[in-house]
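This report refers to the structure that appears directly beneath it.
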Amino acid sequence: MEAPIRAREILGFTLLFLLFFVCSSSPSHNLLISDAERRIDLTSHIVKVYLTLKVENADSTPTSEILLAFPPNHVDHLATVEALVTKGKRKKTTLARLDVKPTELPDAPNGTKYFTIYLANPLNSGESTTLEVLYLFTHSLEPFPAEIGQSESQLVYYRDSALILSPYHIKQQTTFIKTPSTKVESFTRVEPTNRAGTEMKYGPYEERPPYSFSPILIHFENNSPFPVVEELVREVEISHWGNLQVTEQYTLVHGGARHKGVFSRVDYQSRPSLNGASSLRYLLARLPPRVHSVYYRDEIGNISSSHLRTDSRKSELEIEPRYPLFGGWKATFVIGYGLPLQDFLFESSDDRRYLNFTFGCPLLDTVVDKLTVKVVLPEGSKDPSAVVPFPVEQHLETKYSYLDVVGRTVVVIEKKNLVPVHNSPFQVYYTFKPIFMLAEPLMLASAFFLFFVACVAYLHTDLSIRK
Amino acid sequence: MAAPETSTAAVPTLYTNNTLRNAFGAVLSFFIILLIGVLAFSIRLFSVIKYESVIHEFDPYFNYRVTQFLTKKGIYDFWNWFDDRTWYPLGRVIGGTVYPGLTLTAGTIWWLLNSLNIPLSVETVCVFTAPIFSAFASWATYLLTKEVKGAGAGLTAAALLAMVPSYISRSVAGSYDNEAVAIFALIFTFYLYIKTLNTGSLFYATLNSIAYFYMVCSWGGYTFIINLIPMHVLLCIVTGRYSSRLYIAYAPLVVLGTLLAALVPVVGFNAVMTSEHFASFLVFIIIHVVAFVYYIKGTLSPKMFNVAVTLVVSVGLAVCCAVIAVLIALVASSPTKGWSGRSLSLLDPTYASKYIPIIASVSEHQPPTWPSYFMDINVLAFLVPAGIIACFLPLTDASSFVVLYIATSVYFSGVMVRLMLVLAPAACITSGIALSEAFDVLTRSIKFQLPGVSSDAEVDAGETSSVTTEARNDEVKAEKPEETSKDRPSKKSKKKEREHVEKPSSKSKVKTKSEKKRLLALPLEASVVSLLLLIMLGAFYVVHCVWAAAEAYSAPSIVLTSRSRDGLHVFDDFREAYSWLSHNTDVDDKVASWWDYGYQTTAMANRTVIVDNNTWNNTHIATVGTAMSSPEKAAWEIFHSLDVKYVLVVFGGLIGYPSDDINKFLWMVRIGGGVFPHIKEPDYLRDGQYRIDSQATPTMLNCLMYKLSYYRFVETDGKAYDRVRRTEIGKKYFKLSHFDEVFTTHHWMVRIYKLKPPKNRIRGKTKRSKSKTGSTSSSKRSGTEKKNPWH
């Protein structure tokens with residue numbers, strides 16, 4: 001009912017946008033994209049966009065910077081941007097990772113945000129190169145209707161542009177959009193548009209000027225659950241006695257369409273495919289190999305519904321929340337496990353030690369809104385420094401654990417909006433003298449010794465006044 | 001290891017031999033005591049090993065919540081805590097209505113550990129408080145029995161108490177209840193009383209008052225102490241055992257103890273106002289009269305004394321009559337004669353079932369069955385009589401106390417199954433005495449008749465092990481000769497006399513004594529056989545205790561398990577429901593359920609409840625009971641008037657969980673009907689029988705509890721077969737008009753319903769339309785529209 005009205009609005013909006021962009025200025029460098037192909041994967045709740053760009057330098061001077069443009073409302077949900085360059089000839093192509101950094105341009109039209117890709121070798125005049133760009137969006141599928149009953153399936157909106165937003169002239173471009181099922185309620189047509197099975201094709205469009213924009217809206221069924229960890233605190237505690245203890249505190253929410261009305265267990269149990277199709281029944285956590293003493297609990301005790309499968313290469317922990325999570329339902333829980341220290345702690349060349357551990361969230365296909373990693377160094381550690389492959393916030397804290405006197409240094413690393421791509425290793429360097437390992441045993445021994453001496457002294461003193 | 005050899009090698013003089021032997025014995029018994037403590041602690045860990053480290057049952061959750069509050073907010077906020085999350089809309093003054101002993105103990109332990117940088121969580125501390133205190137309790141038992149009958153009996157009693165099932169049932173890890181610390185406090189108070197009685201030391205008397213204070217802080221059962229000790233004092237006076245030691249043991253306890261008890265907010269002026277404490281004051285007066293009489297007797301000549309006695313007796317009688325008349329008038333003016341309901345139901349076992357259905361509805365307030373005696377104290381039940389006899393040989397002040405303790409506690413345990421807990425220490429002490437005496441006699445007779453052992457060594461061995469009381473007295477004498485000679489000549493001489501009467505031989509005359517013992521010895525075969533039988537009895541006890549600890553008493557009751565062919569099955573539905581409530585409802589929503597689940601809901605789900613396990617307001621509970629037994633519309637109106645948003649029922653029909661709300665339902669009817677007479681129990685019974693099948697009454701089939709429990713139950717198996725009641729239910733297909741099912745747990749054990757929002761009023765109509773138009777309207781309205789159809 002509403003769809004035609006919306007489509008008209010969008011059309012009007014598009015025209016305005018186009019006008020605006022055509023009039024606006026062009027970027028500093030005269031680059032040209034001769035061919036662009038974009039594949040948008042909407043199968044899960046993390047939107048993956050693969051962009052293949054063939055860039056040509058039409059300018060007279062060589063350049064090594066290529067700009068990527070994003071609409072401002074997309075940037076807020078942008079979790080990561082990666083760029084790869086293909087090297088070599090036809091068959092033997094290798095991919096090399098390139099630096100990508102957010103950039104502010106003074107004359108950005110309409111609040112457009114930029115990322116700059118830094119090429120390893122400058123692109124000479126007339127040369128061309130092929131870039132593979134991957135970027136991920138979180139929270140970009142808007143459930144509509146926003147509230148659904150138990151037996152309804154979850155429909156979502158995805159908004160984007162049929163044309164790739166770019167500061168450069170694009171000669172030819174095509175966009176493919178993959179939906180999780182064939183059930184698509186509606187989608188904006190920007191001719192030529194084709195739909196076949198689960199895939200939609202926008203384009204090819206030819207000779208589009210810089211900052212061309214044509215909003216599209218796709219309304220489709222996505223019955224996969226949207227596990228969102230609102231807050232995750234990972235505490236990694238190093239004990240030089242040989243153990244690495246990891247404690248992860250999760251606040252999990254189903255980020256899909258909110259559950260409305262009744263929850264009937266009998267329907268849920270007897271017809272699981274029809275009832276609560278988008279409910280979150282279980283999660284899979286991929287833990288390092290040789291994991292031991294795994295626990296899964298929440299503030300009121302152990303949660304018995306979990307399975308651990310281990311082999312030599314990885315461990316998989318399948319956890320079920322206490323109750324199936326419907327849209328908008330929350331759950332909090334803690335996962336903890338121990339790991340052998342020798343797998344993660346190494347000595348660097350300059351006599352320092354460093355911990356090499358995975359940064360992100362071990363749950364598969366999960367968006368983390370806010371992650372705090374706390375690395376608790378042993379008591380007596382000095383000069384901590386963390387090396388993380390992406391920008392994070394860092395500070396130091398002090399924590400008092402078992403029988404600590406001076407407290408342990410804690411390196412706190414915070415990052416927002418994480419996706420599984422961020423599960424890359426990071427390092428924390430510190431110096432530590434092994435003698436500190438003996439501090440606590442010695443303290444205990446001396447305390448007991450003093451206690452016994454006091455006992456002996458007490459038994460051998462006679463404080464009576466009269467003999 | 002080397003100790004026995006040295007002791008045999010160092011025979012030259014009897015004296016050194018004995019000191020070494022004593023030292024060795026002391027070290028040995030120290031280690032035995034330590035191991036008994038370890039045993040007491042570790043036998044209670046089955047629940048942690050088999051299940052998990054979690055708080056058990058109902059009341060412990062409340063205590064845990066209070067402890068959390070204490071550790072978070074501090075002691076002053078704790079005293080002033082008005083809890084608005086329970087008994088909505090009344091609230092409850094927690095600081096003034098709770099026995100703070102347990103909470104303060106656990107809070108102190110937590111604070112101490114955290115200030116030593118041992119970051120244990122409050123939950124962990126709470127879980128392990130009970131096992132720690134049962135180790136303390138077994139040590140206290142050792143001390144108490146040692147005071148009564150010597151170290152051997154003490155060790156036996158401590159070992160028995162460490163694993164007595166009755167006590168285990170209340171003190172497994174996670175059972176964070178008042179009794180966990182109170183039993184230790186009880187035994188320790190008794191120990192200090194006996195210690196004071198034996199030594200006459202004011203130091204111990206003061207300690208005794210402080211221990212009594214701790215007991216008052218911990219448990220309402222302190223009234224047992226404040227009645228038992230006066231009874232014992234009275235017994236001593238009547239049997240002519242009055243001494244200054246008795247006075248020292250009693251008078252400071254009453255004065256200091258009552259003052260200290262009045263400091264506890266929950267007791268306050270009850271310490272002087274209620275009839276539970278009356279006996280102590282009466283005996284306090286009597287002991288002073290007696291002391292005065294003894295004093296006069298000491299100062300006056302016999303003739304003058306007779307005159308004085310007549311004078312004092314006549315005046316005293318007059319005063320007493322006046323005082324008693326005033327007291328009786330005061331007591332008679334109160335409706336319950338100054339007794340609290342629980343105490344009255346102790347004195348008159350039929351009282352609760354007649355007048356207070358809430359007290360009667362609690363399963364632990366029922367009288368026990370015979371099997372529960374065997375289950376809870378096992379072989380001790382047979383050893384107790386022997387122990388009582390042993391207490392009479394010879395009867396001292398201390399042993400008469402034990403006899404009195406066991407006699408009263410047997411009575412109380414017969415009234416209320418919960419008070420089996422008070423019986424258990426008494427049974428352990430008497431059985432410990434009995435076992436120890438029996439072993440003594442048997443081993444001695446075996447030793448004397450074993451061929452090939454030199455008789456001299458035997459004599460020593462037999463003597464040191466058997467005459468422990470004597471040895472102790474000697475020890476005390478040797479260490480503090482001044483004190484004993486000055487402080488307690490009367491007792492010593494009395495004791496000596498008695499010993500002389502019973503055993504004419506003393507330590508110096510070894511030869512005669514050994515001969516005497518040789519005569520007392522039983523035949524070798526008989527003693528060997530009976531020794532073996534005793535050991536078998538003990539082994540049976542140990543096996544039973546371990547079984548009870550592992551199987552019977554370690555279940556936390558919030559998690560249920562069942563073993564089937566395809567392995568262990570866990571039913572964790574309660575926590576599933578509480579967790580759902582805590583994460584997916586608004587923080588100020590009110591949840592109505594039967595009072596059993598009140599504490600758990602506030603502690604685990606952190607939601608406001610209408611009634612909880614602190615059953616202080618009968619009317620409020622009756623209101624919930626009435627709602628549960630009313631038809632849907634009336635129930636909705638009652639709940640709506642209480643701002644209730646969710647109703648929680650426990651239903652075991654799907655998996656066969658017997659203690660569900662349908663089985664408790666008759667109590668709801670009774671309690672509800674006690675206040676609101678339109679609820680009549682016979683309406684719910686068909687020919688006096690409680691049934692939910694097709695023969696059930698229409699009132700039963702239409703009440704809210706039935707509907708909420710069985711809503712859409714028929715769709716699970718098509719027949720609606722209830723596995724608890726073992727029958728098909730009476731009414732299978734029905735719809736709910738005023739409630740929405742919002743959550744049902746995996747095994748259907750907990751079902752949560754939401755009240756439908758009130759329907760819109762239609763202008764010009766006085767009655768709301770009965771159509772179901774409003775049923776699907778938005779839930780947001782219920783909060784804004786405030787009206788009270790019930791009142």
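To be explicit about the labels: the chains of the structure tokens are called A, B, and onward in the order shown, and within each one the residues are counted from 1, while ligands get numbers from 1 in the order they are shown.
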(request) With a distance cut-off of 10 Å and only C-alpha atoms, select the neighbouring residues of B:Asp687, excluding the residue or stretch itself and same-chain residues fewer than 4 positions from it, and output the selection as JSON, numbers by chain. (result) {"B": [682, 683, 691, 695, 696, 697]}
Generate a file of the selected residues that holds C-alpha atoms, formatted as a PDB file, in the first residue's frame.
```pdb
ATOM      1  CA  PRO B 682     -15.779 -27.525  49.393  1.00  0.00           C
ATOM      2  CA  ASP B 683     -16.451 -25.805  46.058  1.00  0.00           C
ATOM      3  CA  ARG B 691      -9.245 -33.746  41.552  1.00  0.00           C
ATOM      4  CA  GLN B 695     -15.056 -35.298  37.738  1.00  0.00           C
ATOM      5  CA  ALA B 696     -13.732 -31.999  39.072  1.00  0.00           C
ATOM      6  CA  THR B 697     -16.144 -29.296  40.139  1.00  0.00           C
TER       7      THR B 697
END
```
(request) With a distance threshold of 10 Å and counting only C-alpha atoms, extract the residues of chain A near chain B and express them as a PyMOL selection string. (result) chain A and resi 253+260-270+298-305+321-325+328-332+399-405+407+466-467
(message) For stretch 272-281 of chain A, find every residue with an atom within 9 Å (counting only C-alpha atoms), except residues of its own chain fewer than 2 positions away, and show them as a ChimeraX atom specification.
(response) /A:149-154,222-227,254,256-257,267-270,283,319-321,323-327
(request) Quick one: pull the distance between atom CA of B:Ala548 and atom CA of B:Ile32, Å, one decimal. (result) 23.1 Å
(request) Step one, run DSSP on the backbone; step two, keep only residues of stretch 278-313 of chain A assigned to strand (DSSP E or B); then write them as a ChimeraX atom specification. (result) /A:280,283-287,292-298,301-302,306-310
Expected file contents, prior selection, C-alpha atoms, as a CSV table (one decimal), in the first residue's frame:
```
chain,number,residue,atom,x,y,z
A,280,LEU,CA,18.1,-17.0,17.9
A,283,LEU,CA,25.4,-19.5,18.8
A,284,LEU,CA,28.7,-20.9,17.9
A,285,ALA,CA,31.9,-19.6,19.4
A,286,ARG,CA,35.2,-20.5,17.9
A,287,LEU,CA,37.9,-20.8,20.5
A,292,HIS,CA,40.4,-26.2,28.9
A,293,SER,CA,38.1,-25.5,31.9
A,294,VAL,CA,35.4,-23.9,29.7
A,295,TYR,CA,32.4,-22.5,31.5
A,296,TYR,CA,29.3,-20.8,30.3
A,297,ARG,CA,27.1,-19.2,33.0
A,298,ASP,CA,25.3,-16.0,33.8
A,301,GLY,CA,24.4,-19.8,37.7
A,302,ASN,CA,25.5,-22.3,35.2
A,306,SER,CA,26.3,-25.9,25.7
A,307,HIS,CA,28.5,-28.3,23.8
A,308,LEU,CA,32.2,-28.2,23.4
A,309,ARG,CA,33.9,-29.9,20.4
A,310,THR,CA,37.7,-29.8,20.4
```
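The list of residues with at least one atom within 8 Å of stretch 410-413 of chain A, based on only C-alpha atoms and without residues fewer than 6 positions apart in the same chain, reads Thr372, Val373, Lys374, Val375, Val376, Leu377, Pro384, Ser385, Ala386, Val392, Glu393, Gln394, His395, Leu396, Glu397, Thr398 and Lys399 of chain A.
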(request) Pick out the residues sitting within 9 Å of B:Phe651, and hand them over as a PyMOL selection string; count only C-alpha atoms, and ignore anything fewer than 5 positions along from it in its own chain. (result) chain B and resi 656-662+708-710+748-751
(message) I'd like the contact shell of A:Pro180 - 9 Å cut-off, only C-alpha atoms, skipping same-chain residues fewer than 2 positions apart - returned as an MDAnalysis selection string.
(response) chainID A and resid 41:44 178 182:183 198 220:224
Could you save the residues just selected, with all heavy atoms, as a CSV table (one decimal), in the first residue's frame?
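Result file is out-v7.csv:
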```
chain,number,residue,atom,x,y,z
A,41,ASP,N,26.1,-8.4,-0.5
A,41,ASP,CA,25.6,-9.6,0.0
A,41,ASP,C,24.7,-9.3,1.2
A,41,ASP,O,25.2,-8.8,2.2
A,41,ASP,CB,26.8,-10.5,0.5
A,41,ASP,CG,26.3,-11.8,1.0
A,41,ASP,OD1,25.1,-12.1,1.0
A,41,ASP,OD2,27.2,-12.6,1.3
A,42,LEU,N,23.4,-9.6,1.1
A,42,LEU,CA,22.5,-9.3,2.2
A,42,LEU,C,22.0,-10.5,2.9
A,42,LEU,O,21.0,-10.5,3.6
A,42,LEU,CB,21.3,-8.6,1.6
A,42,LEU,CG,21.5,-7.3,0.9
A,42,LEU,CD1,20.2,-6.7,0.3
A,42,LEU,CD2,22.1,-6.2,1.8
A,43,THR,N,22.7,-11.7,2.8
A,43,THR,CA,22.2,-12.9,3.3
A,43,THR,C,22.2,-12.9,4.8
A,43,THR,O,21.4,-13.5,5.5
A,43,THR,CB,23.1,-14.1,2.8
A,43,THR,OG1,24.4,-13.8,3.0
A,43,THR,CG2,22.7,-14.4,1.4
A,44,SER,N,23.2,-12.3,5.5
A,44,SER,CA,23.2,-12.2,6.9
A,44,SER,C,22.9,-10.8,7.3
A,44,SER,O,22.6,-10.0,6.5
A,44,SER,CB,24.5,-12.7,7.5
A,44,SER,OG,25.5,-11.7,7.5
A,178,LYS,N,22.5,-9.7,-3.6
A,178,LYS,CA,22.1,-11.0,-3.3
A,178,LYS,C,21.2,-11.0,-2.0
A,178,LYS,O,21.6,-10.5,-1.0
A,178,LYS,CB,23.3,-11.9,-3.0
A,178,LYS,CG,23.0,-13.3,-3.1
A,178,LYS,CD,24.2,-14.2,-2.9
A,178,LYS,CE,23.8,-15.7,-2.9
A,178,LYS,NZ,24.5,-16.4,-2.0
A,182,THR,N,14.3,-16.0,-2.1
A,182,THR,CA,13.6,-15.4,-3.3
A,182,THR,C,12.5,-14.5,-3.0
A,182,THR,O,11.9,-13.9,-3.8
A,182,THR,CB,13.1,-16.5,-4.2
A,182,THR,OG1,12.2,-17.3,-3.5
A,182,THR,CG2,14.2,-17.3,-4.8
A,183,LYS,N,12.2,-14.4,-1.7
A,183,LYS,CA,11.0,-13.7,-1.2
A,183,LYS,C,11.4,-12.2,-1.1
A,183,LYS,O,12.0,-11.8,-0.1
A,183,LYS,CB,10.5,-14.2,0.1
A,183,LYS,CG,9.0,-14.0,0.2
A,183,LYS,CD,8.5,-14.7,1.5
A,183,LYS,CE,7.3,-14.0,1.9
A,183,LYS,NZ,6.9,-14.3,3.3
A,198,THR,N,17.7,-15.3,-6.4
A,198,THR,CA,18.0,-14.5,-5.2
A,198,THR,C,18.9,-13.4,-5.6
A,198,THR,O,19.4,-12.7,-4.7
A,198,THR,CB,18.8,-15.4,-4.2
A,198,THR,OG1,20.0,-15.9,-4.8
A,198,THR,CG2,17.9,-16.6,-3.7
A,220,PHE,N,12.8,-7.1,1.7
A,220,PHE,CA,13.0,-8.6,1.5
A,220,PHE,C,12.9,-9.3,2.8
A,220,PHE,O,13.0,-8.7,3.9
A,220,PHE,CB,14.2,-8.9,0.7
A,220,PHE,CG,15.5,-8.5,1.5
A,220,PHE,CD1,16.2,-9.5,2.2
A,220,PHE,CD2,15.9,-7.2,1.5
A,220,PHE,CE1,17.3,-9.1,2.9
A,220,PHE,CE2,17.1,-6.8,2.2
A,220,PHE,CZ,17.8,-7.8,2.9
A,221,GLU,N,12.8,-10.6,2.6
A,221,GLU,CA,12.7,-11.5,3.8
A,221,GLU,C,14.1,-11.9,4.3
A,221,GLU,O,14.9,-12.3,3.4
A,221,GLU,CB,11.9,-12.7,3.5
A,221,GLU,CG,11.7,-13.6,4.7
A,221,GLU,CD,11.1,-15.0,4.3
A,221,GLU,OE1,11.8,-15.7,3.6
A,221,GLU,OE2,10.0,-15.3,4.7
A,222,ASN,N,14.4,-11.7,5.5
A,222,ASN,CA,15.7,-12.2,6.0
A,222,ASN,C,15.4,-12.8,7.4
A,222,ASN,O,15.2,-12.2,8.4
A,222,ASN,CB,16.6,-11.0,6.2
A,222,ASN,CG,18.0,-11.5,6.6
A,222,ASN,OD1,18.2,-12.6,7.0
A,222,ASN,ND2,19.0,-10.7,6.4
A,223,ASN,N,15.2,-14.1,7.3
A,223,ASN,CA,14.8,-14.8,8.6
A,223,ASN,C,16.0,-15.3,9.4
A,223,ASN,O,15.8,-16.0,10.4
A,223,ASN,CB,14.0,-16.1,8.2
A,223,ASN,CG,12.5,-15.7,8.4
A,223,ASN,OD1,12.2,-14.8,9.2
A,223,ASN,ND2,11.6,-16.4,7.6
A,224,SER,N,17.2,-14.9,9.0
A,224,SER,CA,18.3,-15.2,9.9
A,224,SER,C,18.3,-14.4,11.1
A,224,SER,O,17.9,-13.2,11.1
A,224,SER,CB,19.6,-15.1,9.2
A,224,SER,OG,19.9,-13.7,8.9
```
(message) Just want the 6 Å neighbourhood of B:Ser445, counted on only C-alpha atoms, with same-chain residues fewer than 2 positions away dropped. Output as number ranges by chain.
(response) B: 442-443, 447-448, 521-522
Just N, CA and C atoms for this one: save the residues we selected as a short mmCIF file (atom, residue, chain, number, x, y, z; two decimals), in the first residue's frame.
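Result went into result.cif, see below:
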```cif
data_model
loop_
_atom_site.label_atom_id
_atom_site.label_comp_id
_atom_site.auth_asym_id
_atom_site.auth_seq_id
_atom_site.Cartn_x
_atom_site.Cartn_y
_atom_site.Cartn_z
N LEU B 442 34.88 -52.16 75.85
CA LEU B 442 35.22 -53.33 75.05
C LEU B 442 36.71 -53.43 74.81
N THR B 443 37.33 -52.33 74.39
CA THR B 443 38.78 -52.39 74.11
C THR B 443 39.53 -52.72 75.39
N LYS B 447 42.00 -55.84 75.82
CA LYS B 447 43.42 -55.65 76.14
C LYS B 447 43.84 -56.47 77.34
N PHE B 448 42.98 -56.52 78.32
CA PHE B 448 43.35 -57.24 79.52
C PHE B 448 43.42 -58.74 79.29
N ALA B 521 36.01 -56.74 83.38
CA ALA B 521 36.16 -57.05 81.96
C ALA B 521 35.14 -58.07 81.48
N LEU B 522 34.73 -57.85 80.22
CA LEU B 522 33.81 -58.78 79.57
C LEU B 522 34.61 -59.93 78.99
#
```
(message) Which residue is closest to A:Pro71? Choose from A:Thr193, A:His45, A:Phe213, A:Asn121 and count only C-alpha atoms.
(response) A:Phe213
